[in-house]
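All remarks here apply to the structure that follows.
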Amino acid sequence: MIMIGASTGGPGHLKYIFEKLSGVRLPPVVIAQHMDANIIPSFASHLGSSSQRSIHLVTKKTTISSSGLYVCQHSSRFSLLSGTIELAVDVASHFPYNPSIDTLFTSAAALTDRTPLMAILLTGIGDDGAEGLFQLYKVGAECIAESEESAIIYGMPKKALEYNPAVLVHSLDEIVEKVREFGARHVV
């Protein structure tokens, strides 16, 4: 599974990534894009049409069962139920950002023995996602922070590098290639 967290500049970056990966087989991709919850359905629809991928808007407990893009409308966390990976939604959450990237990433750390994981922290203001990316790194997930050169705002990726100097740092085009390679290794 691939998880991507983004904030300011993220919608354009996500569109770019998935247009470049058109036709490439990928495992499920879960996206936490900082945005008002009322705007996320429109963003998800636009991302689906521009990327030619099936979109699953996560508005309630959702089973991660197929490829496609799972876009979190609210802060969500992973859980395992009878061996099935699910995303539970916390509509009443009080995190400073919606959806919380740290919540998503940190909860995924328990899944590393269940499935290969890649986590990517893209452009954005603040520090959301940095702690979660570090937690995933510590349990063996493949973790990437966007480079300063391609980030619109270098806040979140910079903070991830401060938390963990060993995190992989890549430009947007390099991230596209890393996602392509991950898909080739893990989708049969």
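Quick note on naming: the chains in the structure tokens go A, B, ... in the order shown, residues restart at 1 in each chain, and ligands are numbered from 1 in order of appearance.
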Subject >> Backbone DSSP call of helix (DSSP H, G or I) for segment 91-149 of chain A, listed as a ChimeraX atom specification >> reply: /A:101-111,130-138
Using only C-alpha atoms, find each residue of segment 41-123 of chain A with at least one atom at most 10 Å away from an atom of segment 9-12 of chain A; report its shortest atom-to-atom pair and that distance in Å (one decimal), sort the rows by chain and rising residue number, and return the result as CSV.
residue,atom,partner,partner_atom,distance
A:Phe43,CA,A:Pro11,CA,7.7
A:Ala44,CA,A:Pro11,CA,9.5
A:His46,CA,A:Pro11,CA,9.7
A:Leu47,CA,A:Pro11,CA,8.1
A:Leu121,CA,A:Gly10,CA,9.8
A:Leu122,CA,A:Gly10,CA,6.7
A:Thr123,CA,A:Gly9,CA,6.0
Would you mind listing, for every residue of segment 62-140 of chain A within 9 Å of segment 151-165 of chain A, the two atoms forming the shortest contact and the distance between them in Å to one decimal, using only C-alpha atoms, sorted by chain and ascending residue number, as JSON lines?
{"residue": "A:Leu121", "atom": "CA", "partner": "A:Pro157", "partner_atom": "CA", "distance": 6.0}
{"residue": "A:Leu122", "atom": "CA", "partner": "A:Pro157", "partner_atom": "CA", "distance": 6.3}
{"residue": "A:Thr123", "atom": "CA", "partner": "A:Ala151", "partner_atom": "CA", "distance": 4.8}
{"residue": "A:Gly124", "atom": "CA", "partner": "A:Ile153", "partner_atom": "CA", "distance": 5.0}
{"residue": "A:Ile125", "atom": "CA", "partner": "A:Gly155", "partner_atom": "CA", "distance": 4.7}
{"residue": "A:Gly126", "atom": "CA", "partner": "A:Gly155", "partner_atom": "CA", "distance": 5.2}
{"residue": "A:Asp127", "atom": "CA", "partner": "A:Met156", "partner_atom": "CA", "distance": 4.6}
{"residue": "A:Asp128", "atom": "CA", "partner": "A:Met156", "partner_atom": "CA", "distance": 6.2}
{"residue": "A:Gly129", "atom": "CA", "partner": "A:Met156", "partner_atom": "CA", "distance": 6.9}
{"residue": "A:Ala130", "atom": "CA", "partner": "A:Ala160", "partner_atom": "CA", "distance": 4.1}
{"residue": "A:Glu131", "atom": "CA", "partner": "A:Tyr163", "partner_atom": "CA", "distance": 7.0}
{"residue": "A:Gly132", "atom": "CA", "partner": "A:Ala160", "partner_atom": "CA", "distance": 8.9}
{"residue": "A:Leu133", "atom": "CA", "partner": "A:Ala160", "partner_atom": "CA", "distance": 7.0}
{"residue": "A:Phe134", "atom": "CA", "partner": "A:Asn164", "partner_atom": "CA", "distance": 6.3}
{"residue": "A:Tyr137", "atom": "CA", "partner": "A:Asn164", "partner_atom": "CA", "distance": 8.5}
With C-alpha atoms retained, export the selected residues as a PDB file, in the first residue's frame.
ATOM      1  CA  LEU A 121       5.206  13.384   2.504  1.00  0.00           C
ATOM      2  CA  LEU A 122       4.745  16.105  -0.089  1.00  0.00           C
ATOM      3  CA  THR A 123       4.721  19.888  -0.038  1.00  0.00           C
ATOM      4  CA  GLY A 124       3.030  21.792   2.776  1.00  0.00           C
ATOM      5  CA  ILE A 125       3.149  24.254   5.639  1.00  0.00           C
ATOM      6  CA  GLY A 126       3.763  23.044   9.170  1.00  0.00           C
ATOM      7  CA  ASP A 127       4.889  19.708  10.520  1.00  0.00           C
ATOM      8  CA  ASP A 128       1.944  17.323  10.028  1.00  0.00           C
ATOM      9  CA  GLY A 129       3.149  13.948   8.813  1.00  0.00           C
ATOM     10  CA  ALA A 130       6.755  14.274   9.999  1.00  0.00           C
ATOM     11  CA  GLU A 131       6.250  12.274  13.203  1.00  0.00           C
ATOM     12  CA  GLY A 132       4.135   9.649  11.434  1.00  0.00           C
ATOM     13  CA  LEU A 133       6.713   9.255   8.670  1.00  0.00           C
ATOM     14  CA  PHE A 134       9.388   8.714  11.318  1.00  0.00           C
ATOM     15  CA  TYR A 137      10.538   4.461   9.029  1.00  0.00           C
TER      16      TYR A 137
END
Subject >> Contact residues around Val29 of chain A with only C-alpha atoms at 7 Å, ignoring same-chain residues under 5 positions, as a VMD selection string >> reply: chain A and resid 1 to 3 68 to 70
Original post:
Nearest to Pro41 of chain A among A:Ala119, A:Val58, A:Leu80, A:Ala141, with distances taken over only C-alpha atoms: which residue is it?
Top reply: A:Val58
**OP:** Determine, counting only C-alpha atoms, which protein, DNA and RNA residues have an atom within 12 Å of an atom of Val91 of chain A; residues of the same chain fewer than 2 positions away are not included. Present the result as a count of residues only.
**Re:** 19
